[in-house]
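Asks: Sending over a structure as structure tokens; questions will come in a sec.
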Amino acid sequence: MKKILITGGTTFVSKYAAKYFVEADYEVYVLNRNSKSQVEGVQLIEADRHHLGSVLKDKYFDVVVDITAYNASDVIDLYEALGPFGQYIMISSSAVYPEYEAQPFREDTEKALNKFWGKYGTDKIEAERALLDRVHDAYILRPPYLYGPMNNVYREAFVFDCAKTNRKFYLPENGRMKLQFFHVRDLCKLMEVIISNKPEEHILNVGNPETISIKDWVTKCYACYGKKPEFIYVYDDIEQRNYFSFYNYEYKLDVSRQKCIYPETIPLDIGLKEAARWYDEHEKEINKKPYISYIEANFPK
């Protein structure tokens, strides 16, 4: 049985990964401050990753899955506290690519400030550099928008709320802006492939090969409840994050490297239905934004 250390383990991606690897018969350790409920079957290491002391030094992990590394100090403090380990996998972000570069972004595309993601993206760049300086054979995964069960971010859940209450949907401009997604289970299955096969490529863009327009995405979200949206198109000069759950930013990742080792991904309509079922039972776990109240206050009935 392989021992795996997962940083986090209590929120969305890290929580899902902890549950996934428990069910896949790994010996799963999670590193967090124990401020939220833990996944059944994990072994908790209760600590702050910046103040670990010697708590990890006498433990060997076959795999370290670093899901909560957001800047260089996150990586450095964990690495210096670790004892021996086998593989290291870090979840980075597509936010490392600047918006002005040619798309689809490749892994060798310049990494620099993206005006939409700001410090989040530049901190991820520094985290990647800090890791590769210390673990030369680390695996770094750069996903687009992650979705699926346990997602506490108010993205698809916002559209589910609109569908369940039969609301008209206010869509930015003509609805043609395209987004790219990746189901959290695909992310975990891909990590299993990396753990088992140790592929030659160590830095990978990950995601569904296809993109989808925001209009079609909203339509698929409504379909999870057997509904069809009635759209109202917003062409006014209004910041769309006031009433919609994504920035006015279209991008696409080249996932050719991923497809070589993990060619099939979950169809978006199937993944969204799974997310909707989870949301119906866990609505209180979502960090909701005031999109609906903004719409009611600023748009005509």
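Chains: A, B, ... in order of the structure tokens. Residues: from 1 per chain. Ligands: from 1, in order shown.
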At a cut-off of 7 Å, using only C-alpha atoms, what residues contact stretch 211-217 of chain A? Leave out same-chain residues fewer than 3 positions from it and give the result as an MDAnalysis selection string.

Replies: chainID A and resid 175:180 220:221

Asks: If we count only C-alpha atoms, what is near A:Asn242 at a cut-off of 6 Å, once residues fewer than 2 positions away on the same chain are taken out, given as a ChimeraX atom specification?

Replies: /A:239-240,291

Asks: Pull N, CA, C and O atoms from the residues just selected and write them as a PDB file, in the first residue's frame.

Replies:
```pdb
ATOM      1  N   GLU A 239     -19.127  45.465 -15.206  1.00  0.00           N
ATOM      2  CA  GLU A 239     -18.195  44.397 -14.840  1.00  0.00           C
ATOM      3  C   GLU A 239     -18.972  43.089 -14.705  1.00  0.00           C
ATOM      4  O   GLU A 239     -19.845  42.964 -13.843  1.00  0.00           O
ATOM      5  N   GLN A 240     -18.667  42.108 -15.556  1.00  0.00           N
ATOM      6  CA  GLN A 240     -19.506  40.910 -15.581  1.00  0.00           C
ATOM      7  C   GLN A 240     -19.376  40.051 -14.335  1.00  0.00           C
ATOM      8  O   GLN A 240     -20.287  39.258 -14.032  1.00  0.00           O
ATOM      9  N   TYR A 291     -24.423  37.463  -6.660  1.00  0.00           N
ATOM     10  CA  TYR A 291     -24.793  37.692  -8.056  1.00  0.00           C
ATOM     11  C   TYR A 291     -26.289  37.947  -8.207  1.00  0.00           C
ATOM     12  O   TYR A 291     -26.711  38.868  -8.913  1.00  0.00           O
TER      13      TYR A 291
END
```

Asks: Calculated over only C-alpha atoms, which of the candidates A:Lys284, A:Lys273, A:Lys164, A:Lys259 has the smallest distance to A:Gly148?

Replies: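 Ranked by minimum distance to A:Gly148, first place goes to A:Lys273.
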
Asks: Leaving out stretch 92-109 of chain A and any residue of its chain fewer than 6 positions from it, which residues lie within 7 Å of it when counting only C-alpha atoms, given as a PyMOL selection string?

Replies: chain A and resi 117+121-122+124-125+140-144+203-205+251-254

Asks: Using N, CA, C and O atoms, can you export the residues from the last selection as an mmCIF file, in the first residue's frame?

Replies:
```
data_model
loop_
_atom_site.group_PDB
_atom_site.id
_atom_site.type_symbol
_atom_site.label_atom_id
_atom_site.label_comp_id
_atom_site.auth_asym_id
_atom_site.auth_seq_id
_atom_site.Cartn_x
_atom_site.Cartn_y
_atom_site.Cartn_z
ATOM 1 N N TRP A 117 -5.626 37.532 -13.400
ATOM 2 C CA TRP A 117 -5.346 36.725 -12.208
ATOM 3 C C TRP A 117 -4.389 37.403 -11.248
ATOM 4 O O TRP A 117 -4.331 37.031 -10.072
ATOM 5 N N GLY A 121 -1.542 34.446 -9.931
ATOM 6 C CA GLY A 121 -0.760 33.808 -10.980
ATOM 7 C C GLY A 121 0.731 33.948 -10.786
ATOM 8 O O GLY A 121 1.489 32.984 -10.951
ATOM 9 N N THR A 122 1.192 35.138 -10.434
ATOM 10 C CA THR A 122 2.633 35.321 -10.245
ATOM 11 C C THR A 122 3.140 34.547 -9.033
ATOM 12 O O THR A 122 4.269 34.050 -9.037
ATOM 13 N N LYS A 124 1.948 31.654 -8.110
ATOM 14 C CA LYS A 124 2.037 30.269 -8.585
ATOM 15 C C LYS A 124 3.322 30.064 -9.393
ATOM 16 O O LYS A 124 3.965 29.006 -9.298
ATOM 17 N N ILE A 125 3.701 31.054 -10.180
ATOM 18 C CA ILE A 125 4.958 30.962 -10.926
ATOM 19 C C ILE A 125 6.134 30.788 -9.963
ATOM 20 O O ILE A 125 7.005 29.933 -10.158
ATOM 21 N N ILE A 140 4.335 18.966 -12.228
ATOM 22 C CA ILE A 140 3.544 20.179 -12.048
ATOM 23 C C ILE A 140 2.369 20.137 -13.012
ATOM 24 O O ILE A 140 2.559 19.989 -14.229
ATOM 25 N N LEU A 141 1.153 20.254 -12.482
ATOM 26 C CA LEU A 141 -0.067 20.188 -13.289
ATOM 27 C C LEU A 141 -0.730 21.553 -13.296
ATOM 28 O O LEU A 141 -0.924 22.165 -12.244
ATOM 29 N N ARG A 142 -1.094 22.024 -14.490
ATOM 30 C CA ARG A 142 -1.702 23.349 -14.650
ATOM 31 C C ARG A 142 -3.118 23.201 -15.222
ATOM 32 O O ARG A 142 -3.294 23.141 -16.440
ATOM 33 N N PRO A 143 -4.119 23.178 -14.358
ATOM 34 C CA PRO A 143 -5.496 23.018 -14.835
ATOM 35 C C PRO A 143 -6.153 24.344 -15.193
ATOM 36 O O PRO A 143 -5.718 25.410 -14.729
ATOM 37 N N PRO A 144 -7.237 24.281 -15.998
ATOM 38 C CA PRO A 144 -8.104 25.440 -16.185
ATOM 39 C C PRO A 144 -9.105 25.480 -15.032
ATOM 40 O O PRO A 144 -8.734 25.199 -13.885
ATOM 41 N N ILE A 203 5.866 18.549 -16.676
ATOM 42 C CA ILE A 203 5.006 19.723 -16.575
ATOM 43 C C ILE A 203 3.898 19.568 -17.598
ATOM 44 O O ILE A 203 4.164 19.421 -18.795
ATOM 45 N N LEU A 204 2.656 19.565 -17.132
ATOM 46 C CA LEU A 204 1.535 19.288 -18.018
ATOM 47 C C LEU A 204 0.395 20.277 -17.811
ATOM 48 O O LEU A 204 -0.051 20.490 -16.669
ATOM 49 N N ASN A 205 -0.067 20.853 -18.916
ATOM 50 C CA ASN A 205 -1.389 21.459 -18.910
ATOM 51 C C ASN A 205 -2.396 20.323 -18.837
ATOM 52 O O ASN A 205 -2.239 19.295 -19.502
ATOM 53 N N TYR A 251 -9.639 31.840 -22.682
ATOM 54 C CA TYR A 251 -8.332 31.255 -22.970
ATOM 55 C C TYR A 251 -8.482 29.761 -23.163
ATOM 56 O O TYR A 251 -9.500 29.161 -22.798
ATOM 57 N N LYS A 252 -7.452 29.151 -23.752
ATOM 58 C CA LYS A 252 -7.461 27.705 -23.961
ATOM 59 C C LYS A 252 -6.061 27.152 -23.731
ATOM 60 O O LYS A 252 -5.061 27.758 -24.139
ATOM 61 N N LEU A 253 -6.002 26.006 -23.076
ATOM 62 C CA LEU A 253 -4.758 25.291 -22.853
ATOM 63 C C LEU A 253 -4.577 24.203 -23.909
ATOM 64 O O LEU A 253 -5.534 23.510 -24.266
ATOM 65 N N ASP A 254 -3.355 24.047 -24.371
ATOM 66 C CA ASP A 254 -2.996 22.899 -25.202
ATOM 67 C C ASP A 254 -2.734 21.726 -24.255
ATOM 68 O O ASP A 254 -1.811 21.774 -23.441
#
```

Asks: Would you kindly return, as a list of chain:residue names, each protein, DNA or RNA residue with an atom no farther than 12 Å from any atom of A:Arg155, considering only C-alpha atoms and excluding same-chain residues fewer than 5 positions away?

Replies: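 With the cut-off at 12 Å, the set is A:Tyr145, A:Leu146, A:Tyr147, A:Gly148, A:Phe160, A:Asp161, A:Cys162, A:Phe181, A:Ile214, A:Trp217, A:Val218, A:Cys221, A:Arg241, A:Tyr243, A:Phe244, A:Ser245, A:Phe246, A:Tyr247, A:Leu272, A:Ala275, A:Ala276, A:Tyr279, A:Ile286, A:Asn287, A:Lys288, A:Lys289, A:Pro290, A:Tyr291.
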
Asks: So, counting only C-alpha atoms, which residue among A:Glu80, A:Glu192, A:Glu296, A:Asp48 is closest to A:Ala130?

Replies: A:Glu80

Asks: Show me, as a PyMOL selection string, the residues that have an atom within 9 Å of A:Gly8 when counting only C-alpha atoms, minus same-chain residues fewer than 5 positions from it.

Replies: chain A and resi 13-15+18+30-33+66-68

Asks: How would the residues just chosen look if you wrote them out with all heavy atoms as a PDB file, in the first residue's frame?

Replies:
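As written to disk, again.pdb reads:
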```pdb
ATOM      1  N   VAL A  13     -10.689  20.557  -3.964  1.00  0.00           N
ATOM      2  CA  VAL A  13      -9.781  19.660  -4.670  1.00  0.00           C
ATOM      3  C   VAL A  13      -9.039  18.748  -3.698  1.00  0.00           C
ATOM      4  O   VAL A  13      -8.955  17.536  -3.905  1.00  0.00           O
ATOM      5  CB  VAL A  13      -8.785  20.461  -5.533  1.00  0.00           C
ATOM      6  CG1 VAL A  13      -7.819  19.507  -6.247  1.00  0.00           C
ATOM      7  CG2 VAL A  13      -9.528  21.321  -6.548  1.00  0.00           C
ATOM      8  N   SER A  14      -8.503  19.312  -2.631  1.00  0.00           N
ATOM      9  CA  SER A  14      -7.741  18.484  -1.691  1.00  0.00           C
ATOM     10  C   SER A  14      -8.647  17.514  -0.937  1.00  0.00           C
ATOM     11  O   SER A  14      -8.249  16.381  -0.643  1.00  0.00           O
ATOM     12  CB  SER A  14      -6.955  19.362  -0.718  1.00  0.00           C
ATOM     13  OG  SER A  14      -7.808  20.135   0.098  1.00  0.00           O
ATOM     14  N   LYS A  15      -9.860  17.933  -0.646  1.00  0.00           N
ATOM     15  CA  LYS A  15     -10.811  17.044   0.024  1.00  0.00           C
ATOM     16  C   LYS A  15     -11.225  15.905  -0.893  1.00  0.00           C
ATOM     17  O   LYS A  15     -11.261  14.737  -0.488  1.00  0.00           O
ATOM     18  CB  LYS A  15     -12.037  17.838   0.476  1.00  0.00           C
ATOM     19  CG  LYS A  15     -13.065  17.025   1.247  1.00  0.00           C
ATOM     20  CD  LYS A  15     -14.209  17.915   1.715  1.00  0.00           C
ATOM     21  CE  LYS A  15     -15.233  17.145   2.534  1.00  0.00           C
ATOM     22  NZ  LYS A  15     -16.351  18.025   2.987  1.00  0.00           N
ATOM     23  N   ALA A  18      -8.337  13.493  -1.233  1.00  0.00           N
ATOM     24  CA  ALA A  18      -8.182  12.640  -0.049  1.00  0.00           C
ATOM     25  C   ALA A  18      -9.175  11.479  -0.099  1.00  0.00           C
ATOM     26  O   ALA A  18      -8.803  10.320   0.125  1.00  0.00           O
ATOM     27  CB  ALA A  18      -8.381  13.470   1.211  1.00  0.00           C
ATOM     28  N   VAL A  30      -3.216  13.471   5.564  1.00  0.00           N
ATOM     29  CA  VAL A  30      -3.553  14.842   5.185  1.00  0.00           C
ATOM     30  C   VAL A  30      -2.889  15.795   6.170  1.00  0.00           C
ATOM     31  O   VAL A  30      -2.816  15.517   7.372  1.00  0.00           O
ATOM     32  CB  VAL A  30      -5.074  15.080   5.146  1.00  0.00           C
ATOM     33  CG1 VAL A  30      -5.723  14.269   4.031  1.00  0.00           C
ATOM     34  CG2 VAL A  30      -5.739  14.789   6.485  1.00  0.00           C
ATOM     35  N   LEU A  31      -2.397  16.902   5.626  1.00  0.00           N
ATOM     36  CA  LEU A  31      -1.732  17.915   6.435  1.00  0.00           C
ATOM     37  C   LEU A  31      -2.599  19.163   6.455  1.00  0.00           C
ATOM     38  O   LEU A  31      -2.750  19.839   5.437  1.00  0.00           O
ATOM     39  CB  LEU A  31      -0.349  18.237   5.844  1.00  0.00           C
ATOM     40  CG  LEU A  31       0.409  19.416   6.457  1.00  0.00           C
ATOM     41  CD1 LEU A  31       0.718  19.155   7.925  1.00  0.00           C
ATOM     42  CD2 LEU A  31       1.690  19.685   5.667  1.00  0.00           C
ATOM     43  N   ASN A  32      -3.197  19.447   7.603  1.00  0.00           N
ATOM     44  CA  ASN A  32      -4.005  20.657   7.743  1.00  0.00           C
ATOM     45  C   ASN A  32      -4.108  21.022   9.222  1.00  0.00           C
ATOM     46  O   ASN A  32      -3.618  20.300  10.092  1.00  0.00           O
ATOM     47  CB  ASN A  32      -5.387  20.496   7.090  1.00  0.00           C
ATOM     48  CG  ASN A  32      -6.216  19.387   7.720  1.00  0.00           C
ATOM     49  OD1 ASN A  32      -6.613  19.470   8.881  1.00  0.00           O
ATOM     50  ND2 ASN A  32      -6.490  18.329   6.950  1.00  0.00           N
ATOM     51  N   ARG A  33      -4.776  22.133   9.491  1.00  0.00           N
ATOM     52  CA  ARG A  33      -4.854  22.638  10.864  1.00  0.00           C
ATOM     53  C   ARG A  33      -6.064  22.104  11.627  1.00  0.00           C
ATOM     54  O   ARG A  33      -6.343  22.555  12.745  1.00  0.00           O
ATOM     55  CB  ARG A  33      -4.854  24.165  10.842  1.00  0.00           C
ATOM     56  CG  ARG A  33      -3.509  24.741  10.433  1.00  0.00           C
ATOM     57  CD  ARG A  33      -3.563  26.229  10.186  1.00  0.00           C
ATOM     58  NE  ARG A  33      -4.336  26.541   8.978  1.00  0.00           N
ATOM     59  CZ  ARG A  33      -4.476  27.760   8.469  1.00  0.00           C
ATOM     60  NH1 ARG A  33      -3.913  28.794   9.067  1.00  0.00           N
ATOM     61  NH2 ARG A  33      -5.175  27.963   7.373  1.00  0.00           N
ATOM     62  N   ASP A  66       0.897  18.135  -3.426  1.00  0.00           N
ATOM     63  CA  ASP A  66       0.819  19.472  -2.845  1.00  0.00           C
ATOM     64  C   ASP A  66      -0.262  20.272  -3.568  1.00  0.00           C
ATOM     65  O   ASP A  66      -0.038  20.813  -4.658  1.00  0.00           O
ATOM     66  CB  ASP A  66       2.171  20.172  -2.953  1.00  0.00           C
ATOM     67  CG  ASP A  66       2.276  21.355  -2.001  1.00  0.00           C
ATOM     68  OD1 ASP A  66       1.261  21.714  -1.386  1.00  0.00           O
ATOM     69  OD2 ASP A  66       3.387  21.910  -1.885  1.00  0.00           O
ATOM     70  N   ILE A  67      -1.423  20.355  -2.952  1.00  0.00           N
ATOM     71  CA  ILE A  67      -2.577  21.015  -3.550  1.00  0.00           C
ATOM     72  C   ILE A  67      -2.734  22.430  -3.025  1.00  0.00           C
ATOM     73  O   ILE A  67      -3.378  23.268  -3.649  1.00  0.00           O
ATOM     74  CB  ILE A  67      -3.847  20.177  -3.306  1.00  0.00           C
ATOM     75  CG1 ILE A  67      -3.692  18.813  -3.995  1.00  0.00           C
ATOM     76  CG2 ILE A  67      -5.099  20.881  -3.812  1.00  0.00           C
ATOM     77  CD1 ILE A  67      -4.823  17.835  -3.724  1.00  0.00           C
ATOM     78  N   THR A  68      -2.108  22.737  -1.897  1.00  0.00           N
ATOM     79  CA  THR A  68      -2.303  24.041  -1.259  1.00  0.00           C
ATOM     80  C   THR A  68      -1.037  24.894  -1.297  1.00  0.00           C
ATOM     81  O   THR A  68      -0.809  25.721  -0.414  1.00  0.00           O
ATOM     82  CB  THR A  68      -2.781  23.868   0.194  1.00  0.00           C
ATOM     83  OG1 THR A  68      -1.798  23.129   0.932  1.00  0.00           O
ATOM     84  CG2 THR A  68      -4.106  23.134   0.236  1.00  0.00           C
TER      85      THR A  68
END
```

Asks: Name all residues at most 7 Å from A:Leu171 (count only C-alpha atoms; drop same-chain ones fewer than 3 positions away) and give them as a list in words.

Replies: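 Final neighbour list, sorted by chain and number: Gly175, Phe231, Ile232, Tyr233 and Val234 of chain A.
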
Asks: What would the file look like if the residues just selected were written as a short mmCIF file (atom, residue, chain, number, x, y, z; two decimals), in the first residue's frame with C-alpha atoms?

Replies:
```cif
data_model
loop_
_atom_site.label_atom_id
_atom_site.label_comp_id
_atom_site.auth_asym_id
_atom_site.auth_seq_id
_atom_site.Cartn_x
_atom_site.Cartn_y
_atom_site.Cartn_z
CA GLY A 175 -22.58 34.33 -24.88
CA PHE A 231 -31.38 34.38 -21.84
CA ILE A 232 -31.14 38.13 -21.47
CA TYR A 233 -27.99 39.42 -23.15
CA VAL A 234 -26.09 42.15 -21.32
#
```

Asks: From a DSSP pass on the backbone, collect the residues of stretch 3-72 of chain A flagged as helix (DSSP H, G or I) and hand them back as a list in words.

Replies: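 Restricting stretch 3-72 of chain A to helix (DSSP H, G or I) produces Phe12, Val13, Ser14, Lys15, Tyr16, Ala17, Ala18, Lys19, Tyr20, Phe21, Val22, Glu23 and Ala72 of chain A.
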
Asks: Store the residues of this selection in a file with all heavy atoms, as a tab-separated table (two decimals), in the first residue's frame.

Replies:
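And here is the file that came out, result_10.tsv:
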```tsv
chain	number	residue	atom	x	y	z
A	12	PHE	N	-12.68	21.34	-1.30
A	12	PHE	CA	-12.77	21.04	-2.72
A	12	PHE	C	-11.71	20.06	-3.23
A	12	PHE	O	-11.80	18.88	-2.96
A	12	PHE	CB	-12.79	22.32	-3.56
A	12	PHE	CG	-13.10	22.08	-5.03
A	12	PHE	CD1	-13.80	20.94	-5.44
A	12	PHE	CD2	-12.67	22.97	-6.01
A	12	PHE	CE1	-14.08	20.71	-6.79
A	12	PHE	CE2	-12.94	22.75	-7.36
A	12	PHE	CZ	-13.65	21.62	-7.74
A	13	VAL	N	-10.69	20.56	-3.96
A	13	VAL	CA	-9.78	19.66	-4.67
A	13	VAL	C	-9.04	18.75	-3.70
A	13	VAL	O	-8.95	17.54	-3.91
A	13	VAL	CB	-8.79	20.46	-5.53
A	13	VAL	CG1	-7.82	19.51	-6.25
A	13	VAL	CG2	-9.53	21.32	-6.55
A	14	SER	N	-8.50	19.31	-2.63
A	14	SER	CA	-7.74	18.48	-1.69
A	14	SER	C	-8.65	17.51	-0.94
A	14	SER	O	-8.25	16.38	-0.64
A	14	SER	CB	-6.96	19.36	-0.72
A	14	SER	OG	-7.81	20.13	0.10
A	15	LYS	N	-9.86	17.93	-0.65
A	15	LYS	CA	-10.81	17.04	0.02
A	15	LYS	C	-11.23	15.91	-0.89
A	15	LYS	O	-11.26	14.74	-0.49
A	15	LYS	CB	-12.04	17.84	0.48
A	15	LYS	CG	-13.06	17.02	1.25
A	15	LYS	CD	-14.21	17.91	1.71
A	15	LYS	CE	-15.23	17.14	2.53
A	15	LYS	NZ	-16.35	18.03	2.99
A	16	TYR	N	-11.53	16.25	-2.13
A	16	TYR	CA	-11.91	15.21	-3.10
A	16	TYR	C	-10.75	14.24	-3.30
A	16	TYR	O	-10.95	13.02	-3.34
A	16	TYR	CB	-12.30	15.86	-4.43
A	16	TYR	CG	-12.95	14.89	-5.39
A	16	TYR	CD1	-14.33	14.84	-5.53
A	16	TYR	CD2	-12.17	14.00	-6.13
A	16	TYR	CE1	-14.92	13.94	-6.41
A	16	TYR	CE2	-12.75	13.10	-7.00
A	16	TYR	CZ	-14.13	13.07	-7.15
A	16	TYR	OH	-14.72	12.16	-8.01
A	17	ALA	N	-9.52	14.78	-3.42
A	17	ALA	CA	-8.36	13.92	-3.63
A	17	ALA	C	-8.15	12.98	-2.44
A	17	ALA	O	-7.83	11.80	-2.62
A	17	ALA	CB	-7.12	14.77	-3.86
A	18	ALA	N	-8.34	13.49	-1.23
A	18	ALA	CA	-8.18	12.64	-0.05
A	18	ALA	C	-9.17	11.48	-0.10
A	18	ALA	O	-8.80	10.32	0.13
A	18	ALA	CB	-8.38	13.47	1.21
A	19	LYS	N	-10.41	11.78	-0.40
A	19	LYS	CA	-11.44	10.74	-0.49
A	19	LYS	C	-11.13	9.77	-1.62
A	19	LYS	O	-11.24	8.54	-1.47
A	19	LYS	CB	-12.81	11.37	-0.69
A	19	LYS	CG	-13.98	10.39	-0.69
A	19	LYS	CD	-15.30	11.15	-0.76
A	19	LYS	CE	-16.50	10.22	-0.63
A	19	LYS	NZ	-16.64	9.33	-1.81
A	20	TYR	N	-10.72	10.30	-2.76
A	20	TYR	CA	-10.42	9.47	-3.92
A	20	TYR	C	-9.32	8.46	-3.60
A	20	TYR	O	-9.44	7.26	-3.89
A	20	TYR	CB	-10.01	10.35	-5.10
A	20	TYR	CG	-9.66	9.57	-6.34
A	20	TYR	CD1	-10.62	9.27	-7.30
A	20	TYR	CD2	-8.35	9.11	-6.56
A	20	TYR	CE1	-10.31	8.54	-8.44
A	20	TYR	CE2	-8.03	8.38	-7.69
A	20	TYR	CZ	-9.01	8.11	-8.62
A	20	TYR	OH	-8.69	7.36	-9.75
A	21	PHE	N	-8.24	8.93	-3.01
A	21	PHE	CA	-7.10	8.03	-2.78
A	21	PHE	C	-7.36	7.07	-1.61
A	21	PHE	O	-6.80	5.97	-1.59
A	21	PHE	CB	-5.82	8.84	-2.60
A	21	PHE	CG	-5.27	9.36	-3.90
A	21	PHE	CD1	-5.43	10.68	-4.26
A	21	PHE	CD2	-4.63	8.51	-4.78
A	21	PHE	CE1	-4.93	11.16	-5.48
A	21	PHE	CE2	-4.14	8.96	-5.99
A	21	PHE	CZ	-4.30	10.29	-6.35
A	22	VAL	N	-8.19	7.46	-0.65
A	22	VAL	CA	-8.62	6.49	0.37
A	22	VAL	C	-9.36	5.35	-0.31
A	22	VAL	O	-9.09	4.16	-0.05
A	22	VAL	CB	-9.50	7.16	1.43
A	22	VAL	CG1	-10.23	6.11	2.27
A	22	VAL	CG2	-8.67	8.06	2.34
A	23	GLU	N	-10.29	5.68	-1.19
A	23	GLU	CA	-11.09	4.67	-1.88
A	23	GLU	C	-10.25	3.86	-2.86
A	23	GLU	O	-10.65	2.75	-3.24
A	23	GLU	CB	-12.27	5.32	-2.58
A	23	GLU	CG	-13.28	5.92	-1.59
A	23	GLU	CD	-14.42	6.68	-2.25
A	23	GLU	OE1	-14.32	6.91	-3.48
A	23	GLU	OE2	-15.37	7.04	-1.54
A	72	ALA	N	5.92	30.72	-3.09
A	72	ALA	CA	7.22	30.06	-2.89
A	72	ALA	C	7.42	29.61	-1.45
A	72	ALA	O	7.95	28.52	-1.20
A	72	ALA	CB	8.34	31.00	-3.32
```

Asks: Between atom CA of A:Tyr235 and atom CA of A:Glu173, what is the distance, to one decimal in Å?

Replies: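 So the two atoms, atom CA of A:Tyr235 and atom CA of A:Glu173, lie 4.8 Å apart.
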